[in-house]
Structure formats: C-alpha cells, structure tokens
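**Student:** Below is the structure I would like to discuss, written out as structure tokens.
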Amino acid sequence: MRHLINTYVTKIVAQGLAEKENITLLGLDAEFTANRPLSGIDHELFRVFDRMNINTLLYAEPAEPYRSILQYLARQENSTLVPTDCETRTFLHDIPRIPSLSSAAISTALAYRKAAIVGDRGIVSYGTVSPEQAFVSFSSVCFSTYVKFFTDVMFHLEDHAGGRTPQNTALLEAYHEIAEKIPSGRLGCEALPVSPPRNPAETYEQMVKTGNELVQQRLVDSYFGNISYVSGDTIYISQTGSSMDELVGCIDAVPLDGSSSSGITASSELSAHIGIYRKTGKRAIIHGHPKFTVIMSMSCRRQGCDVSTCYRSCREHRSVGGIPIVSGEIGTGPSGLVRTVPMAMSGSGAVIVFGHGIFSTGEDSFRPAFELLQTVEEACRREYFKKIRALI
Amino acid sequence: MYGYTSRSLRIDLSSGSTDIIDTPPALLTKFIGGRGAGVAMAGRKATGNFDDPAMPLIFASGPLVATEAPTSGRSSVISRSPLTGTILDCSVGGKFGTELKHAGFDIIEITGVASSLKMISIDDQNVTISDASFLAGKNVTEVRKAIGTDGADAVIGIAGEKQVRFSSIVFDGHYLAGRGGMGAVMGAKNLKAIRVKGTGSVSVFDTAALRASREEIMRLLRASQAIFGELGISAFGTAALVDLIHARRMEPTGNFRQTFYDFSSAYSGYALKNRFRAKKTGCRGCPILCKKIGEQGEVIPEYETVSHFGALNFNHDAASIVEANRLCNEYGLDTISTAATIACYAEIEGRRLSPDSILDIICDIGERRSGRGEMLSYGSRRYALASGRAGASMSVKGLELPAYDPRGAYGMALAYATSNRGGCHLRAYPISHEILRKPVATDRFSFEGKARIIKIAEDMNAVIDSLTACKFVFFAASLEEYAKAVSAVTGREYDTQSLLRTGERIYVLERYLNSLNGFSAADDDLPERFFAEEGSSSPHIIMKPLDRKAFLEARANYYKVRGYDKDGMPTVRLMKKLELEEYL
C-alpha cells in the first residue's frame, strides 16, 4: 500500500489541506505501512485498528485557514457539527467531535461516521477499501467546515443586527483572522486552448487539462467535480469519483442515444450534463464546487420557509451576478438537479445549485466555461465580503 | 424483540410434525438473522450428506424484512451444498421473507424426509403438510398454477425433484435461491413447494428514526449513477453490466479461453430492453426494481445469465438466451452453473454449440436424462474429471465461476479463491470497486491491499445477507446508514463496526464448518488456465495470465489478516475471540 499512502499524502499537501509534517496516514494489509517511520507514530492510532475493521487511518492537523476554523468551531457548544452544504451533508451526514486522540474515542466516533474532529486542531478519518476514502472524508470536513464557518458568520451578523456589539466580538475576531488567511481568487486559465477539440484524442486531452486546472485553482471539493464534452453523437464525461487532476483513463464515451450502458461508471451528473446539452446546445460543461459560490447560494433568509428543504425544493427566483440559483439534489430523483439545472441554463451560460456548486458551459470549448466559473466565484466572493462589511 | 416475530417454525418431514418455537434470542443477538442466523442454526448439522434426513433446510428472514427500510424484502436459504460440499446460503428476492414475517415467523427449519412428495402451507400460524404427489414431474409454472400464487411461494421444478446438483429453489416464479444446489436439498426431502401468507405486521422500535435513515439511504441511491442513473440497473437490470464488462475486456468467452466477445451488444441491457419492451419489477419493498419483464411476460435475464449463455457459449442469439433463462427458471436450475457446465461440455467435446443445442442440453440436464443429461447434472467439475479433462471445469470448490474473468480484476481472483461457498462473485463483490468505482476505485490489475479489502467486504456482505438487505444498495449507501436503520428497527444499538464484527463471526463460522467438511487451503485456488493463458488483450488493455506467486502471497496475506492458520483454517483462539466456542 506504500505507493497509495504516498499518493494521498501528496494530494493532501498539494490541495493545501495540511502540511506534510502534520499528516499521519496509516495503511494496513497484512502489515502496517505509513508515510512516516512507524516508531514515531502515536500508539493510539495503531490501537484503532484493533477496534475497527478498516484498512486505512488518517490523522492530520489541517493547514490554514482550516485550522483556525476548527479552533473557532471547537469553542462552540455543540458536540456534533452538521454541514450546511448539501453535497457534504449527503455523504457525511454530520461530523462528531472527540476531545483527544484516544483509540477508544476515535473508534467510537468512526463507528458511526466517516470522519471526526479531534480537539481543536485535528481531523481523523478512515478507509475500508483505499486511503482515498480517508482522504476524501478529510477533505470534505475541511470543505464543509469552511463553508459552514463563513455561512454562520453571515447568518449570525444578520440575526444579531451586525455591528461591533459585545456578543459579536469573538466572532468578528475569528472572522478577521480567518478571512486574512484566505488566498485571493485567480482569473485566467492560459493552459486551456481557446479552440475546440477536433477529434476524440483532442477531446480527451482538453478534458485532462481542464480537470488539472480545476484542481490546481481549487475550484472543486477534494478533487470532485465533473466535466463533459459533446462531439457528434457521443458525450465524453469524467467517471464517477474520478480525480479531476488524474483523468487519463477515467473518461467515459457515452452514446447520446443510450445504446450502450458502458457509461454506468460515468459521473452521477451524467443526466444533468446531457440535459444541459439538449437544452442549450453548449458542448463543453464543467461542474465544480467553488467555495464562495456554494456559500452565497445559501444566503437566502426568506421568512416562513422550511430551511431544511431549500436544497431540494426552493421556489425563490434568486441569482448572483445574473447567474440563477436553483435547488436540486444530486442525481436523478424527483427533486434531482437534472430537473432544475437544464431548464435554468438558457441564456445565462451557468447555473448555481443551492448549497452544492455550479455548472458552467462553453459553446464548443472548455476555456469559456472555465472562465465563467472563475468569474462567478470571484463575483460571489466580492458579494460575500461586501455583505459582511455592510453588516459590520 | 422489535424487528423480529420471536417465533420460528420447526418442521420434521419424516414424522410430519410442525412445532412453533421461540426464536432463540442469542441466535439473533449474535448473528442478527438471515444468513447468519441460518448458518448458526445449521451449525454442525451441516456436516452430514445433503440428503441425510438430519440435514436442515433453513429459510430465514432478517430484522429489516417487512419494514420500511429500502431493499429489505429479501430472505436467505441455508443448508449444505450438494454441488460443492460447503456450507451454503443463498440470498433471495421476491416476497417470501415479508410474508413469512407477516405470518409471524423469523425462521423455518426443515429436517427429515417425507415418505412421499409433500408441500407445506403456512397461513399465519396455521401450518399444514399436505400431499403433493399431483405436482410430481411438474415444472415451476405448472406447480404455481396448481397451488395458487396468493402470498409467496418457494417451489422446485423437475431438476430439484431429480436432485440435479445445481438445481435451485424458485421463489414467486422468478427469484432463485440459485447457487449450489439448494433445489436438490429440497428435492431430497421430498418437498415440492412451500406457500406462505401472513396478515400480521412487524413492530418497529422507532418509526421516525427508521424514516430518517430511509431518507438518507434514498438520497444516496438517487445520487448513484450505477443504481438510478439513466444507464444504471434500475433502468436496464444487471444486464446494464454487459457493455461495461465487455469494454473492460473481461467477459468470459468460450469457457474462459477468451475474455472478449465481439457480439455482446446483441444481448446488452439496452438491446434486451428494446427488443422485449421490458418494464421494471422487483422485490417487495424495493425502490430499485432491477428485475425486468418483457411485454409478453418474458423474464429478462440477469447479467451473469446473459453473459454465460452468451459469450461463454459463443452465442449471440438474444432470443435463445432469454429462452435458456426461462427453461432454467422452469426446471429450477442455477443459470451460472448450467451455462458454465454446458460451456465445459462444449470445450471437452471440441464443439461450438448452436442456440438450439444449448436449449436441448438444458432440458437434458433439467430432466436428468440418461447419458448427457445425467453426466452433466453433477456439474462441470465431476463431469470434467470423469472426462479426464479436469482443467476444463472453470470452478472453485466445484462451484462454476460467474461472468467476471479474474484476469481482469485481481481482487475478484482472490475473492473467488477464498469464498466460503466456492466460485462466487457475491461474497466480497470486488467488482464494486475494481470496475464500478464504488465506494472508490481500486487498481484492478493489482493485488496490493486486496487481502484486507476482501476480508472486510466478506464480513460486510455476510452481515448484509443477515439483515437481510440487497447488495446493490451498497453501490451507493454504506453500513453507516444501515446501522441506523437496524438500530431504529430493533431498538438495539448497532454501528458500522459492531455490524462488521457480526459479519466476521458469521464468515469465520462458515469457514470452520467448511473445515469440518474437509476443506483446506488447497481448495482456495483458481483453475490453472488463469495462471497459464493470456486473456483477450488489446493494445490498451493487457489481459496477462495471473502471476501465481503474487496470487499466493495475496492469499497468505488474506489468511494472516483473517487470523487463520497457514492452511487457511480458523484457529481455536480466533473462534474464542469471536464467541464461537460452542461450535468447536
């Protein structure tokens, strides 16, 4: 398992989720493997394997701004965090907290959930199949706590009339400290060609480049997202659970007439991609989870709504920077985003899904789709900070 | 106990007695239900011959059956396999488990041999054993027509009556306790049919919590391309896998001599759905509805069946494949073993069989006609051995291999070899991650890390079969969500790890019972062909023979991970750790 262990440690570092020296990733097949000498690893982590039927355990102290966010959240009263974004909540449900790195506490928490927050500085997660599961859960906790923190700040200031009132002091201190640690957004994607692909080989090549750029610019949660391109009677789409920065060999070619089900491994958003293409004729589609787009998609406080159902049945006509925001669950169910996104796509070139992310399109190449996604994220970021400044 | 009826039925066909007993609480707390409870109940009794009057034939439901939990309409059948000699369980769909619990029973244990052909009728708490001689020599449809289809039924066809070693029990017309010869066990007891109908209900500890967990599971199912996607198994049935396995160049072809069949699109999920204008149906309480029925009532075969009556036999005549499936359902034959035994026969005979020949041979086997039918009715291993061509039987422990070539999925190779019931894809189901990328993708051409992956998956599937739920759900959901559901139903606190520990207990007990039946590491092996011959490679996908040294290392790792001794058997220490001392 050594190369898998090293692969995922490298990914955690490359994603800016944690520094290498703060990561312990332990794998067990017949023998233990780790990213550091076994003798230097806390014995409590080994003991977790005596209590749990797992093959990977990840403990890491996240990098900034996630570390400060965890510290702030740890000072809150609740013992369990409930993610506010819909995708993370679908898969994590909630995130337990444990006081310290004890094998008993870890195994108790992880018997119920995929990851847990340890004290005020660490995250622990596991896998039963691959270190990838531990990585994804770790990354999802980072993502969801980030989104939760900034969303909570916004709602708190709205509910408490903003301003520098005494009860807001701690919140505002944390907010300012954390906001300063957020890297600025980036515009431009010179690596992507302007011209459309001319053949399947170029389609694959451009999809691989686009996926790489999405991860490098941190416009996806973990490395999840999906992209597609329609050429002739075929849609080329990234596979489910594929790493957007490793799309070589992970793109399915799916006939649009449904005559082959080899695309059963395609992204769970295949139907939405096909729907968008059929509705708009746009051939290049990118779906990502830029953080401020997700945060602003949930900024509605309309009175009288059952907020627990906004993600699947919001009827408000909302938008950010002219981009419509719609509700919709992942996939094809009765309240699935396949039923809302394509309809809302006409005219805008992009659609934001409540608490989830954004679909953006390009006429016949990925570059405009990518630039639009970047622009929307930047607009959402500006809008967010403008709003907070006004509330303060 | 919430989630259970707390009553079970013990029937002795030799004496004709029927006893209603309390379901032993320890059986349920230690083994949950379904497969686990059945295996534990069978215990050392599963070391006799399959036709010994003392051999139990057990039908067991689980705590989720007849509740709102998704895909919980299943049940398990447990005995000893006439084909392989291993302990045997089959998870079966339909509505039998639901009706059984509505009738007020968790489990039926049947022993003894009736003096003449009998059937059992269960109407709530009224249990009768009646003469079934009028059903002798009849196949499934005729039997069901005669006994009525109100409620649920479990029936054997002619193959079961004649104790074909891979005959099945057919539930509600087309759900099979398919593998390993459960039909022959029933036939050996002179039992033709069981009908069950109930009007009761099952008490649930916390209905609101069950609904909440159901909603979590449904959200995950809706998010799954493999389940509810437009190309998924809800749309096409498991035949949706034809195109994918073909594209991965791992569809067993010509008795596993090749791994790529040019004509598989003739029987793909898409082709069958359109040709037969198939509609959805499925087990009671299932939102997925993976079973497909054609406009004229044709049962659309599962992936394993279409592929094995297709590529494995060089046959791309879709109509004959559907007919082959119908014949197997009628006679009560396991489609995988039937098709693989016929492919073995074709190889040994040096022939390519026409579609009509394949159908003729199914009838020969089903009727156990003297000559070819009799010879093949014992399965491919005995037939190949008798023909002096043992290597032509593509089986593990005598159970014919399903339609995933192990040269294209190394976890599958290890799982086939270590499976407690022989060449079965469902014990560990590594296709989930090696091919379908769930819960995450693994390298299908590597043994790295696979020993522990297979061990954990075997434990997980043992517990899924004990709940009893459907494995397809676990392409999307996990034990995390099901632990909440079973806790809500029973009022007992379960979590992922406690369920996995129960799964381990079940799996190790099965292994121990196999050891009593003479199995050892020598049986945890694959046919030589996979180590010696290359599959059908392309410039991009190389289907190398398996590296025997790497395979044996992975197997040794697996034994170590499991806590088995070097011969692959559970140690006394392991048995005690898992609270299985009473079986020693």
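Letters for chains follow the order of the structure tokens (A, B, ...), residue numbers begin at 1 for each chain, and ligand numbers begin at 1 in the order shown.
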Once DSSP has gone over the backbone, tell me which residues of range 85-297 of chain B are in strand (DSSP E), as a PyMOL selection string.
**Tutor:** chain B and resi 87-92+107-111+118-123+126-131+152-155+169-171+175-177+191-197+279-281+291-293
**Student:** When you get a sec, could you note down which chain A residues fall within 6 Å of chain B, using only C-alpha atoms, as a PDB file with N, CA and C atoms, in the first residue's frame?
**Tutor:**
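The resulting selection.pdb:
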ATOM      1  N   MET A   1       0.819  -1.220   0.000  1.00  0.00           N
ATOM      2  CA  MET A   1       0.000   0.000   0.000  1.00  0.00           C
ATOM      3  C   MET A   1       0.848   1.262   0.000  1.00  0.00           C
ATOM      4  N   ASP A  29      -2.494  -3.829   5.417  1.00  0.00           N
ATOM      5  CA  ASP A  29      -2.973  -5.024   4.704  1.00  0.00           C
ATOM      6  C   ASP A  29      -2.594  -6.174   5.625  1.00  0.00           C
ATOM      7  N   ALA A  30      -1.554  -6.932   5.307  1.00  0.00           N
ATOM      8  CA  ALA A  30      -1.079  -7.907   6.296  1.00  0.00           C
ATOM      9  C   ALA A  30      -0.154  -7.214   7.294  1.00  0.00           C
ATOM     10  N   ALA A 111     -17.150   4.644  14.295  1.00  0.00           N
ATOM     11  CA  ALA A 111     -18.087   3.533  14.103  1.00  0.00           C
ATOM     12  C   ALA A 111     -19.411   4.050  13.552  1.00  0.00           C
ATOM     13  N   TYR A 112     -19.649   5.351  13.733  1.00  0.00           N
ATOM     14  CA  TYR A 112     -20.910   5.929  13.271  1.00  0.00           C
ATOM     15  C   TYR A 112     -20.738   6.827  12.049  1.00  0.00           C
ATOM     16  N   VAL A 129     -11.462   0.397   1.965  1.00  0.00           N
ATOM     17  CA  VAL A 129     -11.050  -0.092   0.655  1.00  0.00           C
ATOM     18  C   VAL A 129      -9.726   0.541   0.233  1.00  0.00           C
ATOM     19  N   SER A 259     -27.526   3.854 -26.301  1.00  0.00           N
ATOM     20  CA  SER A 259     -27.440   2.492 -26.833  1.00  0.00           C
ATOM     21  C   SER A 259     -26.339   1.645 -26.196  1.00  0.00           C
ATOM     22  N   SER A 261     -24.551   0.949 -22.248  1.00  0.00           N
ATOM     23  CA  SER A 261     -24.529   1.335 -20.832  1.00  0.00           C
ATOM     24  C   SER A 261     -23.124   1.215 -20.256  1.00  0.00           C
ATOM     25  N   SER A 262     -22.109   1.246 -21.110  1.00  0.00           N
ATOM     26  CA  SER A 262     -20.743   1.224 -20.573  1.00  0.00           C
ATOM     27  C   SER A 262     -20.502   2.467 -19.716  1.00  0.00           C
ATOM     28  N   ILE A 264     -22.139   3.393 -17.327  1.00  0.00           N
ATOM     29  CA  ILE A 264     -22.693   3.198 -15.979  1.00  0.00           C
ATOM     30  C   ILE A 264     -21.692   3.681 -14.933  1.00  0.00           C
ATOM     31  N   THR A 265     -20.421   3.806 -15.327  1.00  0.00           N
ATOM     32  CA  THR A 265     -19.405   4.331 -14.405  1.00  0.00           C
ATOM     33  C   THR A 265     -19.223   5.838 -14.569  1.00  0.00           C
ATOM     34  N   SER A 268     -22.159  10.854 -11.643  1.00  0.00           N
ATOM     35  CA  SER A 268     -23.574  10.777 -11.254  1.00  0.00           C
ATOM     36  C   SER A 268     -24.370  11.935 -11.844  1.00  0.00           C
ATOM     37  N   ILE A 330     -28.413  15.789  -5.762  1.00  0.00           N
ATOM     38  CA  ILE A 330     -27.528  15.097  -6.686  1.00  0.00           C
ATOM     39  C   ILE A 330     -28.318  13.966  -7.346  1.00  0.00           C
ATOM     40  N   GLY A 331     -28.109  13.799  -8.659  1.00  0.00           N
ATOM     41  CA  GLY A 331     -28.685  12.635  -9.321  1.00  0.00           C
ATOM     42  C   GLY A 331     -30.031  12.882  -9.966  1.00  0.00           C
ATOM     43  N   THR A 332     -30.782  11.783 -10.077  1.00  0.00           N
ATOM     44  CA  THR A 332     -31.931  11.788 -10.977  1.00  0.00           C
ATOM     45  C   THR A 332     -33.286  11.636 -10.285  1.00  0.00           C
ATOM     46  N   GLY A 333     -33.298  11.783  -8.973  1.00  0.00           N
ATOM     47  CA  GLY A 333     -34.564  11.587  -8.251  1.00  0.00           C
ATOM     48  C   GLY A 333     -35.583  12.655  -8.586  1.00  0.00           C
TER      49      GLY A 333
END
**Student:** So which residues touch range 41-49 of chain A within 10 Å, counting only C-alpha atoms, skipping near sequence neighbours fewer than 5 positions away, as an NGL selection string?
**Tutor:** :A and (24-28 or 32 or 34-36 or 54-59 or 101-108 or 110 or 124)
**Student:** To one decimal place, how far is CA of Thr151 in chain A from CA of Val326 in chain A in Å?
**Tutor:**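 Going from CA of Thr151 in chain A over to CA of Val326 in chain A covers 17.9 Å.
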**Student:** Considering only C-alpha atoms, return as a count of residues only whatever protein or nucleic-acid residues lie within 9 Å of range 72-74 of chain A, sequence-local ones (same chain, fewer than 6 positions apart) excluded.
**Tutor:** 10
**Student:** For range 280-288 of chain A, list every protein, DNA or RNA residue within 6 Å, evaluated using only C-alpha atoms, and leave out those in the same chain fewer than 4 positions away; present the list as a list in words.
**Tutor:** Leu219, Val220, Gly225, Asn226, Ile227, Ser228, Tyr229, Val230, Ile276, Gly357, Ile358, Phe359, Ser360, Thr361, Gly362, Glu363, Asp364, Ser365 and Phe366 of chain A
**Student:** Just want the 10 Å neighbourhood of Ile300 in chain B, counted on only C-alpha atoms, with same-chain residues fewer than 4 positions away dropped. Output as a list in words.
**Tutor:**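 Answer for this query is Phe236, Gly237, Thr238, Ala239, Gly269, Leu272, Lys273, Phe276, Ala278, Lys279, Lys291, Lys292, Ile293, Gly294, Thr305, Val306, Ile321, Val322, Glu323, Asn325 and Arg326 of chain B.
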**Student:** Can you pull out the residues contacting Ser243 in chain A? Cut-off 10 Å, using only C-alpha atoms, and skip same-chain residues under 6 positions away; I want them as a VMD selection string.
**Tutor:** chain A and resid 211 to 212 215 222 to 226 250
**Student:** Can you work out which one of A:Arg113, A:Lys181, A:Arg302, A:His93 has the shortest atom-to-atom distance to Tyr66 in chain A, counting only C-alpha atoms?
**Tutor:**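 With only C-alpha atoms as the atom set, the closest residue is A:Lys181.
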**Student:** From a DSSP pass on the backbone, collect the residues of range 78-230 of chain A flagged as alpha helix (DSSP H) and hand them back as a PyMOL selection string.
**Tutor:** chain A and resi 86-92+103-110+131-159+169-180+200-216
**Student:** With C-alpha atoms retained, export the selected residues as a short mmCIF file (atom, residue, chain, number, x, y, z; two decimals), in the first residue's frame.
**Tutor:**
data_model
loop_
_atom_site.label_atom_id
_atom_site.label_comp_id
_atom_site.auth_asym_id
_atom_site.auth_seq_id
_atom_site.Cartn_x
_atom_site.Cartn_y
_atom_site.Cartn_z
CA CYS A 86 -26.00 19.79 0.62
CA GLU A 87 -23.36 17.62 -1.03
CA THR A 88 -21.19 17.17 2.07
CA ARG A 89 -24.28 16.58 4.18
CA THR A 90 -25.45 13.88 1.79
CA PHE A 91 -22.27 11.88 2.31
CA LEU A 92 -21.07 12.85 5.81
CA SER A 103 -8.18 4.99 20.30
CA ALA A 104 -11.41 4.45 22.21
CA ALA A 105 -12.80 7.86 21.32
CA ILE A 106 -11.72 7.59 17.70
CA SER A 107 -13.20 4.16 17.19
CA THR A 108 -16.44 5.12 18.90
CA ALA A 109 -16.87 8.17 16.67
CA LEU A 110 -15.79 6.47 13.47
CA PRO A 131 -6.63 5.52 1.53
CA GLU A 132 -8.66 7.53 -0.95
CA GLN A 133 -11.73 7.22 1.29
CA ALA A 134 -9.81 8.67 4.21
CA PHE A 135 -8.52 11.48 2.02
CA VAL A 136 -11.97 12.33 0.67
CA SER A 137 -13.55 12.36 4.12
CA PHE A 138 -10.74 14.54 5.47
CA SER A 139 -11.02 16.93 2.56
CA SER A 140 -14.82 17.02 2.85
CA VAL A 141 -14.57 18.00 6.52
CA CYS A 142 -12.21 20.84 5.55
CA PHE A 143 -14.60 21.95 2.83
CA SER A 144 -17.77 21.72 4.86
CA THR A 145 -16.35 23.45 7.95
CA TYR A 146 -15.05 26.26 5.71
CA VAL A 147 -18.47 26.71 4.12
CA LYS A 148 -20.18 26.41 7.49
CA PHE A 149 -17.96 28.98 9.13
CA PHE A 150 -18.49 31.69 6.54
CA THR A 151 -22.17 30.92 6.25
CA ASP A 152 -22.59 31.01 10.03
CA VAL A 153 -20.82 34.36 10.21
CA MET A 154 -23.15 35.80 7.61
CA PHE A 155 -26.30 34.50 9.27
CA HIS A 156 -25.12 35.45 12.75
CA LEU A 157 -24.44 39.02 11.75
CA GLU A 158 -27.79 39.20 10.02
CA ASP A 159 -29.60 37.81 13.06
CA THR A 169 -16.52 40.38 19.44
CA ALA A 170 -15.23 36.81 19.44
CA LEU A 171 -16.92 36.04 16.17
CA LEU A 172 -15.55 39.10 14.45
CA GLU A 173 -12.06 38.49 15.76
CA ALA A 174 -12.15 34.97 14.38
CA TYR A 175 -13.67 36.16 11.15
CA HIS A 176 -11.00 38.81 10.55
CA GLU A 177 -8.21 36.43 11.45
CA ILE A 178 -9.52 33.73 9.15
CA ALA A 179 -10.52 35.99 6.28
CA GLU A 180 -6.97 37.29 6.13
CA PRO A 200 -11.61 12.38 -29.77
CA ALA A 201 -7.91 12.45 -28.90
CA GLU A 202 -8.01 16.24 -28.53
CA THR A 203 -11.24 15.98 -26.56
CA TYR A 204 -9.57 13.67 -24.04
CA GLU A 205 -6.52 15.93 -23.93
CA GLN A 206 -8.56 19.08 -23.27
CA MET A 207 -10.64 17.37 -20.62
CA VAL A 208 -7.50 16.23 -18.83
CA LYS A 209 -6.09 19.77 -18.91
CA THR A 210 -9.34 21.30 -17.71
CA GLY A 211 -9.55 18.84 -14.83
CA ASN A 212 -5.99 19.64 -13.81
CA GLU A 213 -6.69 23.35 -13.86
CA LEU A 214 -9.84 22.95 -11.72
CA VAL A 215 -7.86 21.16 -9.02
CA GLN A 216 -4.87 23.49 -9.21
#
